[in-house]
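Student: Following this line is my_file_4.txt, made up of compact mmCIF, C-alpha atoms:
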# COMPACT_ATOMS: atom_id res chain seq x y z
CA MET A 184 0.05 -166.62 65.68
CA SER A 185 -3.58 -166.31 64.82
CA SER A 186 -5.35 -169.49 63.87
CA HIS A 187 -7.46 -167.60 61.35
CA LEU A 188 -5.39 -166.93 58.28
CA SER A 189 -6.77 -165.41 55.12
CA GLU A 190 -6.38 -167.48 51.96
CA GLU A 191 -3.92 -164.89 50.67
CA GLN A 192 -1.70 -165.10 53.78
CA TYR A 193 -1.77 -168.89 53.55
CA GLN A 194 -0.77 -168.92 49.89
CA SER A 195 2.11 -166.47 50.41
CA GLY A 196 3.30 -168.53 53.40
CA VAL A 197 3.32 -171.72 51.33
CA LYS A 198 5.21 -169.94 48.56
CA ALA A 199 7.84 -168.63 51.00
CA VAL A 200 8.42 -172.16 52.32
CA TRP A 201 8.95 -173.71 48.88
CA ARG A 202 11.26 -170.84 47.98
CA ALA A 203 13.36 -171.52 51.12
CA THR A 204 13.37 -175.24 50.23
CA ALA A 205 14.70 -174.49 46.75
CA ILE A 206 17.43 -172.22 48.16
CA LEU A 207 18.49 -174.82 50.77
CA SER A 208 18.67 -177.55 48.11
CA ILE A 209 20.63 -175.40 45.67
CA VAL A 210 23.13 -174.27 48.34
CA THR A 211 23.71 -177.92 49.38
CA VAL A 212 24.24 -179.06 45.78
CA VAL A 213 26.64 -176.15 45.15
CA GLU A 214 28.57 -176.95 48.35
CA VAL A 215 29.07 -180.59 47.37
CA ALA A 216 29.88 -179.72 43.75
CA VAL A 217 32.46 -177.13 44.84
CA ALA A 218 33.96 -179.61 47.34
CA LEU A 219 34.42 -182.24 44.63
CA ILE A 220 35.42 -180.04 41.67
CA LEU A 221 37.31 -177.09 43.18
CA GLY A 222 38.28 -178.68 46.52
CA PRO A 223 41.51 -180.34 45.37
CA HIS A 224 42.74 -177.21 43.54
CA LEU A 225 42.01 -174.29 45.89
CA PRO A 226 43.70 -173.47 49.23
CA LYS A 227 42.00 -175.00 52.28
CA LEU A 228 41.34 -171.54 53.78
CA VAL A 229 39.34 -170.38 50.73
CA MET A 230 37.30 -173.60 50.69
CA ASN A 231 36.56 -173.49 54.42
CA THR A 232 35.50 -169.84 54.26
CA PHE A 233 33.10 -170.72 51.46
CA TYR A 234 31.67 -173.71 53.40
CA VAL A 235 31.15 -171.65 56.56
CA LEU A 236 29.40 -168.84 54.67
CA ALA A 237 27.18 -171.31 52.76
CA SER A 238 26.28 -173.10 56.01
CA LEU A 239 25.43 -169.80 57.73
CA ALA A 240 23.18 -168.94 54.76
CA LYS A 241 21.40 -172.30 55.16
CA ALA A 242 21.04 -171.74 58.91
CA PHE A 243 19.57 -168.31 58.21
CA PHE A 244 16.83 -169.79 55.98
CA ILE A 245 16.02 -172.65 58.36
CA VAL A 246 15.74 -170.39 61.40
CA GLY A 247 14.07 -167.47 59.61
CA GLU A 248 11.61 -169.27 57.37
CA PHE A 249 11.06 -172.81 58.72
CA MET A 250 11.23 -171.83 62.39
CA HIS A 251 9.37 -168.61 61.56
CA LEU A 252 11.76 -166.41 63.56
CA LYS A 253 11.78 -163.79 60.80
CA TYR A 254 8.16 -163.01 61.67
CA GLU A 255 8.61 -162.76 65.47
CA LYS A 256 9.27 -159.57 67.45
CA ARG A 257 12.73 -158.04 67.14
CA ALA A 258 13.26 -158.22 70.92
CA PHE A 259 12.66 -161.97 70.81
CA MET A 260 15.13 -162.46 67.94
CA LEU A 261 17.75 -160.50 69.90
CA SER A 262 17.12 -162.54 73.07
CA LEU A 263 18.10 -165.65 71.09
CA GLY A 264 20.80 -164.14 68.87
CA VAL A 265 22.79 -162.07 71.35
CA PRO A 266 23.81 -165.02 73.64
CA LEU A 267 25.21 -166.79 70.55
CA VAL A 268 27.81 -164.01 70.25
CA PHE A 269 29.73 -165.81 73.03
CA LEU A 270 30.34 -168.62 70.55
CA VAL A 271 32.40 -166.32 68.36
CA TRP A 272 34.81 -165.86 71.26
CA ALA A 273 34.74 -169.60 72.08
CA ILE A 274 35.55 -170.60 68.48
CA ILE A 275 38.48 -168.15 68.23
CA ALA A 276 39.88 -169.08 71.67
CA PHE A 277 39.66 -172.86 71.26
CA ALA A 278 40.87 -172.85 67.66
CA THR A 279 43.91 -170.80 68.69
CA GLU A 280 44.60 -173.16 71.60
CA GLY A 281 44.25 -176.25 69.38
CA HIS A 282 46.66 -174.79 66.86
CA TYR A 283 49.11 -174.05 69.69
CA TRP A 284 49.02 -177.70 70.86
CA ASN A 285 49.78 -178.70 67.29
CA ILE A 286 52.94 -176.53 67.28
CA LEU A 287 53.96 -177.86 70.73
CA ASN A 288 53.45 -181.52 69.82
CA HIS A 289 54.78 -181.46 66.26
CA PRO A 290 57.80 -179.12 66.17
CA LYS A 291 59.25 -178.63 62.69
CA MET B 58 -7.02 -162.21 104.43
CA ALA B 59 -9.71 -164.47 103.01
CA GLU B 60 -11.09 -161.49 101.14
CA VAL B 61 -7.75 -160.73 99.52
CA LEU B 62 -7.38 -164.33 98.36
CA GLU B 63 -10.84 -164.26 96.89
CA ILE B 64 -10.06 -161.11 94.95
CA GLN B 65 -6.82 -162.61 93.67
CA GLU B 66 -8.59 -165.74 92.55
CA GLU B 67 -11.19 -163.74 90.69
CA HIS B 68 -8.47 -161.69 89.06
CA HIS B 69 -6.61 -164.86 88.06
CA ALA B 70 -9.75 -166.35 86.56
CA ASP B 71 -10.07 -163.23 84.40
CA LEU B 72 -6.63 -163.81 82.92
CA LEU B 73 -7.35 -167.34 81.75
CA PRO B 74 -8.46 -167.08 78.14
CA THR B 75 -10.39 -170.33 77.76
CA PRO B 76 -11.42 -173.12 80.10
CA ASP B 77 -8.97 -175.50 78.37
CA ASN B 78 -5.69 -176.58 79.98
CA GLY B 79 -4.26 -173.12 79.44
CA GLU B 80 -1.63 -174.27 76.97
CA GLY B 81 -1.13 -171.55 74.40
CA GLY B 82 -3.24 -168.46 74.23
CA GLU B 83 -1.46 -166.39 76.88
CA LYS B 84 0.88 -163.87 75.33
CA THR B 85 4.18 -162.76 76.80
CA ALA B 86 5.73 -159.32 76.42
CA MET B 87 7.28 -160.41 73.13
CA ASN B 88 3.95 -161.38 71.62
CA ILE B 89 4.78 -165.08 71.48
CA SER B 90 3.08 -167.75 73.55
CA TYR B 91 4.68 -169.11 76.71
CA GLY B 92 5.06 -172.62 75.25
CA LYS B 93 6.82 -171.46 72.10
CA THR B 94 9.08 -169.11 74.09
CA MET B 95 10.18 -171.96 76.33
CA MET B 96 10.78 -174.28 73.36
CA TRP B 97 12.98 -171.59 71.79
CA TYR B 98 15.02 -171.13 74.97
CA PHE B 99 15.41 -174.89 75.35
CA LEU B 100 16.69 -175.00 71.76
CA LEU B 101 19.10 -172.14 72.55
CA SER B 102 20.56 -174.19 75.41
CA ASP B 103 20.73 -177.24 73.12
CA ALA B 104 22.53 -175.10 70.54
CA PHE B 105 25.19 -174.37 73.17
CA THR B 106 25.56 -178.11 73.89
CA PHE B 107 26.11 -178.89 70.21
CA SER B 108 28.42 -175.89 69.86
CA ALA B 109 30.52 -177.17 72.77
CA PHE B 110 30.88 -180.55 71.02
CA LEU B 111 31.73 -178.99 67.66
CA ILE B 112 34.22 -176.53 69.18
CA ALA B 113 35.90 -179.44 71.01
CA TYR B 114 36.06 -181.24 67.65
CA ALA B 115 37.64 -178.17 66.00
CA SER B 116 40.28 -177.69 68.70
CA ILE B 117 41.23 -181.39 68.76
CA ARG B 118 41.40 -181.53 64.97
CA LEU B 119 43.55 -178.38 64.79
CA ALA B 120 45.93 -179.92 67.35
CA GLN B 121 46.73 -182.81 64.96
CA ALA B 122 49.46 -182.69 62.36
CA TRP B 123 47.26 -184.77 60.01
CA TRP B 124 43.52 -185.48 59.71
CA PRO B 125 41.65 -187.96 57.43
CA ASN B 126 40.26 -186.44 54.22
CA PRO B 127 36.44 -186.69 54.39
CA ASN B 128 36.24 -187.21 50.61
CA LEU B 129 38.21 -190.44 51.07
CA VAL B 130 36.53 -191.62 54.29
CA PHE B 131 32.88 -190.98 53.35
CA LYS B 132 32.87 -192.30 49.80
CA SER B 133 30.63 -195.37 49.99
CA PHE B 134 27.08 -195.70 48.77
CA PRO B 135 24.67 -198.56 49.62
CA GLY B 136 24.57 -201.17 46.87
CA LEU B 137 27.56 -199.76 44.99
CA GLY B 138 30.17 -202.00 46.64
CA HIS B 139 33.60 -200.40 46.41
CA ALA B 140 32.47 -197.60 44.13
CA ASN B 141 34.07 -194.21 44.75
CA ALA B 142 31.19 -191.79 45.42
CA PRO B 143 32.52 -189.11 47.78
CA LEU B 144 29.86 -187.18 49.72
CA ALA B 145 27.04 -188.72 47.62
CA PHE B 146 25.36 -190.65 50.42
CA VAL B 147 25.60 -187.86 52.97
CA SER B 148 24.11 -185.45 50.41
CA VAL B 149 21.13 -187.80 50.07
CA MET B 150 20.81 -187.81 53.88
CA THR B 151 20.91 -184.01 53.93
CA PHE B 152 18.14 -183.82 51.31
CA ILE B 153 15.98 -186.29 53.22
CA LEU B 154 16.28 -184.18 56.38
CA ILE B 155 15.56 -180.90 54.55
CA LEU B 156 12.46 -182.37 52.87
CA SER B 157 11.28 -183.86 56.17
CA SER B 158 11.63 -180.40 57.74
CA VAL B 159 9.64 -178.87 54.87
CA ALA B 160 6.85 -181.41 55.42
CA VAL B 161 6.56 -180.35 59.06
CA VAL B 162 6.47 -176.64 58.09
CA ARG B 163 3.59 -177.49 55.77
CA ALA B 164 1.86 -179.31 58.66
CA VAL B 165 2.21 -176.14 60.79
CA GLN B 166 0.69 -174.08 57.97
CA GLU B 167 -2.24 -176.47 57.58
CA GLY B 168 -2.69 -176.23 61.37
CA HIS B 169 -3.17 -172.46 61.06
CA ARG B 170 -6.08 -173.25 58.71
CA MET B 171 -7.49 -175.83 61.17
CA ASN B 172 -7.10 -178.44 58.41
CA GLN B 173 -6.85 -181.67 60.45
CA LYS B 174 -6.38 -183.96 57.42
CA GLY B 175 -3.68 -181.67 56.01
CA VAL B 176 -1.73 -181.67 59.29
CA MET B 177 -1.92 -185.49 59.47
CA LEU B 178 -0.77 -185.93 55.87
CA TRP B 179 2.25 -183.64 56.19
CA MET B 180 3.20 -185.04 59.61
CA ILE B 181 3.41 -188.49 58.02
CA GLY B 182 5.84 -186.96 55.50
CA GLY B 183 7.95 -185.59 58.35
CA ILE B 184 7.94 -188.91 60.23
CA VAL B 185 8.87 -190.96 57.14
CA GLY B 186 11.71 -188.54 56.34
CA GLY B 187 13.07 -188.76 59.87
CA ALA B 188 12.89 -192.55 59.87
CA MET B 189 14.67 -192.67 56.49
CA PHE B 190 17.43 -190.43 57.84
CA LEU B 191 17.90 -192.75 60.82
CA GLY B 192 18.06 -195.73 58.47
CA CYS B 193 20.75 -194.00 56.39
CA GLN B 194 22.73 -193.18 59.51
CA ALA B 195 22.49 -196.79 60.69
CA TRP B 196 23.89 -197.93 57.33
CA GLU B 197 26.69 -195.36 57.42
CA TRP B 198 27.68 -196.29 60.98
CA SER B 199 27.64 -200.04 60.33
CA HIS B 200 29.69 -199.53 57.14
CA LEU B 201 32.34 -197.49 59.00
CA ILE B 202 32.38 -200.00 61.87
CA ALA B 203 32.88 -202.80 59.32
CA GLU B 204 35.85 -200.84 57.94
CA GLY B 205 37.31 -200.84 61.45
CA LEU B 206 36.40 -197.41 62.83
CA ARG B 207 35.86 -197.44 66.62
CA PRO B 208 35.56 -194.71 69.26
CA PHE B 209 39.21 -195.34 70.20
CA TYR B 210 40.63 -196.75 66.98
CA ASN B 211 40.87 -195.05 63.59
CA PRO B 212 41.93 -197.16 60.57
CA PHE B 213 42.10 -194.11 58.26
CA GLY B 214 45.76 -193.13 58.36
CA PRO B 215 48.19 -191.34 56.03
CA ASP B 216 50.11 -193.30 53.37
CA ALA B 217 53.70 -192.35 52.40
CA ASN B 218 52.38 -189.28 50.52
CA GLY B 219 50.04 -188.19 53.34
CA ILE B 220 46.93 -189.31 51.42
CA THR B 221 44.12 -190.89 53.46
CA HIS B 222 44.39 -194.66 53.28
CA LEU B 223 42.28 -197.36 54.93
CA VAL B 224 44.52 -199.78 56.86
CA GLU B 225 42.62 -203.09 56.69
CA GLU B 226 44.59 -205.10 59.25
CA HIS B 227 44.23 -204.20 62.92
CA MET B 228 47.34 -202.39 64.15
CA ALA B 229 48.54 -202.07 67.76
CA VAL B 230 48.62 -198.29 67.32
CA SER B 231 45.74 -196.54 65.56
CA PRO B 232 46.90 -195.61 62.02
CA GLY B 233 45.06 -192.25 62.09
CA PRO B 234 44.21 -189.71 64.82
CA ILE B 235 42.41 -191.69 67.55
CA ALA B 236 39.94 -188.91 68.37
CA PHE B 237 38.35 -189.15 64.89
CA GLY B 238 36.12 -192.11 65.79
CA ALA B 239 35.07 -190.83 69.22
CA LEU B 240 34.20 -187.42 67.79
CA PHE B 241 32.38 -188.86 64.77
CA PHE B 242 30.30 -191.39 66.71
CA GLY B 243 29.76 -189.00 69.62
CA ILE B 244 28.58 -185.99 67.63
CA THR B 245 26.62 -187.74 64.85
CA GLY B 246 25.25 -190.05 67.56
CA PHE B 247 24.07 -187.13 69.69
CA HIS B 248 22.45 -185.62 66.60
CA GLY B 249 20.94 -188.99 65.69
CA PHE B 250 19.51 -189.23 69.20
CA HIS B 251 17.80 -185.88 68.61
CA VAL B 252 16.43 -187.19 65.30
CA PHE B 253 15.15 -190.30 67.08
CA THR B 254 13.39 -188.35 69.85
CA GLY B 255 12.06 -185.95 67.19
CA VAL B 256 10.54 -188.85 65.24
CA CYS B 257 8.94 -190.17 68.46
CA ILE B 258 7.50 -186.74 69.27
CA ASN B 259 6.26 -186.36 65.67
CA ILE B 260 4.53 -189.76 65.89
CA TRP B 261 2.85 -188.67 69.13
CA ALA B 262 1.79 -185.37 67.47
CA PHE B 263 0.36 -187.31 64.52
CA PHE B 264 -1.83 -189.47 66.77
CA ALA B 265 -2.91 -186.47 68.88
CA THR B 266 -3.93 -184.76 65.63
CA ALA B 267 -5.74 -187.89 64.43
CA ASN B 268 -7.62 -188.04 67.76
CA GLY B 269 -8.80 -184.47 67.21
CA THR B 270 -7.07 -183.15 70.36
CA PHE B 271 -5.91 -179.93 68.70
CA GLN B 272 -9.12 -179.51 66.69
CA ARG B 273 -11.09 -179.52 69.98
CA ARG B 274 -8.57 -177.19 71.61
CA GLY B 275 -9.18 -174.71 68.81
CA HIS B 276 -5.54 -174.27 67.76
CA TYR B 277 -2.57 -176.30 66.49
CA GLU B 278 0.12 -174.57 68.53
CA MET B 279 1.47 -177.93 69.67
CA ILE B 280 2.38 -178.73 66.06
CA GLU B 281 4.34 -175.45 65.95
CA LYS B 282 6.31 -176.41 69.09
CA VAL B 283 6.98 -179.93 67.83
CA GLY B 284 7.97 -178.36 64.50
CA LEU B 285 10.47 -176.00 66.17
CA TYR B 286 12.26 -179.00 67.68
CA TRP B 287 12.24 -180.82 64.35
CA HIS B 288 13.68 -177.85 62.41
CA PHE B 289 16.38 -177.48 65.04
CA VAL B 290 17.49 -181.05 64.26
CA ASP B 291 17.82 -180.00 60.60
CA LEU B 292 19.70 -176.84 61.66
CA VAL B 293 22.23 -178.82 63.70
CA TRP B 294 22.78 -181.18 60.77
CA VAL B 295 23.91 -178.19 58.65
CA PHE B 296 26.81 -177.69 61.06
CA VAL B 297 27.57 -181.40 61.58
CA PHE B 298 27.68 -181.70 57.76
CA LEU B 299 30.03 -178.70 57.64
CA ALA B 300 32.38 -179.96 60.37
CA PHE B 301 32.66 -183.64 59.43
CA TYR B 302 32.00 -183.90 55.70
CA LEU B 303 32.97 -180.60 54.08
CA MET B 304 35.90 -179.13 56.02
What's the C-alpha cells form of this structure?

Tutor:
Amino acid sequence: MSSHLSEEQYQSGVKAVWRATAILSIVTVVEVAVALILGPHLPKLVMNTFYVLASLAKAFFIVGEFMHLKYEKRAFMLSLGVPLVFLVWAIIAFATEGHYWNILNHPK
Amino acid sequence: MAEVLEIQEEHHADLLPTPDNGEGGEKTAMNISYGKTMMWYFLLSDAFTFSAFLIAYASIRLAQAWWPNPNLVFKSFPGLGHANAPLAFVSVMTFILILSSVAVVRAVQEGHRMNQKGVMLWMIGGIVGGAMFLGCQAWEWSHLIAEGLRPFYNPFGPDANGITHLVEEHMAVSPGPIAFGALFFGITGFHGFHVFTGVCINIWAFFATANGTFQRRGHYEMIEKVGLYWHFVDLVWVFVFLAFYLM
C-alpha cells in the first residue's frame, strides 16, 4: 500500500467505507427485526438459513472492505480462503454427530 | 570464505530499503508486506480456534433435546428493570463494535495520507468504542450471573409447555442444559479477551502515533496491522452473535 494517495483515491476509499458501514448496520437491523417479527411464525430451518446467509454477507463486507482484502492479490485471498474450506467439512461432520447423540440419548 | 561473506553482506545491504528497523517496506511475492502477511496468517489460525469453539457449541447444542430460547434469555436492558426487550442490548453492542471498527478503518485511511492528527482522532474513536463494548459485556455477564447462570449451572429451563423459564430458586439439578453457561461464558469470554487485548494494542498505537513514531518512519503500516486485528474482533462477533443470540 503506497503511502502517497491522490485526493481522488482517498475520497473514493472513504466513500466505500461508509457504504460498507451502512450495509452492515442495515443487515444487523434486518436480522434482529426478522428474528423478533417473523421468528415465532416461520420454521427454524428457514430462519437459521437466513441468519447464516446474512452473517456471511456481513463477514464478506468486514473482510473485503474494512480489512481491505478485496484490494489484495488474488493469490493472497486464496491462501486465506482455501484453508477455511476444511470448516465446511467440520461443521457438517460435527453437526451430524451431535444430532446422532441427541437420537441416542433421547429416544422417542 | 571471508570474501564470500563480504559479498553476501553487501548484497543484503542492497535489499534493505531504508535504514529504519526494516518493518514494512519489503514486499513478498503477493505484493503485501511481511508484517501484514504474518498478521493475516495469525488471524487465520485464530479463526480456526474460534471455529473450533463454535463448532463444539453447535454439536453440543444439537445433542440436546431442548435448548433455551435466546429471545427469552437475553431480554434485559440496563435501567429498564424487568422490561422485555429481546435482543435490544446485544444489538446496541453490535453497533458499538461496528462503529469502533469503522473508526479504525478511517484511522488507517488517514495514515495513508500521513495525517497524524487524523489517525489520533479516529484511533480515540476506536478505543472508546472497544471500551464501551467491554462495559456492555461486563453488564450483561453480571446480569446473567445475578440471574443464576454459572459455567456448570443453567437456571433457564423448560416450563410445562417447553417455553424458556427462569427458575429463581437454586435446584440440585440444573433446570436447563448445563453446557449453556460454560459455552456462553467461554466463547463470549474468549471474544471479550480479544476485545480487551485489541483495546490495549489500540491504546499503544495511539500513543506511538502521538509520539510521531510512524510519522518519522515515513509510513503508518503499523496502524494497518493493528487495524486488521481490530476488524477481526468485529468479524468474530458476527458469528458469536449468530450462534448465541440469533439461532

Student: Tell me which of B:Asn141, B:Gln173, B:Gln121, B:Ser157 sits closest to chain A, counting all atoms listed in the file.

Tutor: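 The answer is B:Gln121, which sits nearest to chain A.
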
Student: Give, as JSON, the centre coordinates and the x, y and z edge lengths in Å to one decimal for an axis-aligned box around all listed atoms of range 216-229 of chain A, padded by 6 Å on each side.

Tutor:
{"center_x": 36.8, "center_y": -176.3, "center_z": 47.7, "size_x": 25.8, "size_y": 23.9, "size_z": 24.1}

Student: So, counting all atoms listed in the file, which residue among B:Gln194, B:Thr254, B:Asn211, B:Gln166 is closest to chain A?

Tutor: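 When distances to chain A are compared using all atoms listed in the file, the smallest one comes from B:Gln166.
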
Student: Using all atoms listed in the file, give me every residue within 9 Å of (46.0, -193.3, 65.1) in file coordinates, as a VMD selection string.

Tutor: chain B and resid 209 to 214 230 to 237

Student: List the spatial neighbours of Tyr286 in chain B as a list in words - criterion: any atom at most 8 Å away, all atoms listed in the file, same-chain residues fewer than 6 positions off excluded.

Tutor: Met96, Leu100 and Gly255 of chain B

Student: Let me make sure I understand: among B:Thr106, B:Phe247, B:Ile155, B:Val130, which one has the smallest atom-to-atom distance to chain A if we use all atoms listed in the file?

Tutor: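 The answer is B:Ile155, which sits nearest to chain A.
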
Student: Could you please select, counting only C-alpha atoms, the residues of chain A within 7 Å of chain B and state them as a ChimeraX atom specification?

Tutor: /A:186-188,204,218,231,234,238,242,245,249-250,256,258-259,263,274,277-278,280-282,284-285,289

Student: Find the residues around Ile258 in chain B up to 9 Å (all atoms listed in the file counted), leave out those fewer than 5 positions away in its own chain, and share them as a short mmCIF file (atom, residue, chain, number, x, y, z; two decimals) with C-alpha atoms, in the coordinates of the input.

Tutor:
data_model
loop_
_atom_site.label_atom_id
_atom_site.label_comp_id
_atom_site.auth_asym_id
_atom_site.auth_seq_id
_atom_site.Cartn_x
_atom_site.Cartn_y
_atom_site.Cartn_z
CA PHE B 253 15.15 -190.30 67.08
CA PHE B 263 0.36 -187.31 64.52
CA VAL B 283 6.98 -179.93 67.83
#

Student: Rank nothing, just name the residue among A:Phe269, A:Phe233, A:Tyr193, A:Phe244 nearest to Ala205 in chain A, using only C-alpha atoms.

Tutor: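 Closest to Ala205 in chain A, using only C-alpha atoms: A:Phe244.
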
Student: Just give me the gap between CA of Ser133 in chain B and CA of Ala217 in chain B in Å, one decimal is fine.

Tutor: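 Between these atoms lies a distance of 23.4 Å.
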
Student: To one decimal place in Å, what is the distance between CA of Gly183 in chain B and CA of Trp201 in chain A?

Tutor: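 Between CA of Gly183 in chain B and CA of Trp201 in chain A the gap is 15.2 Å.
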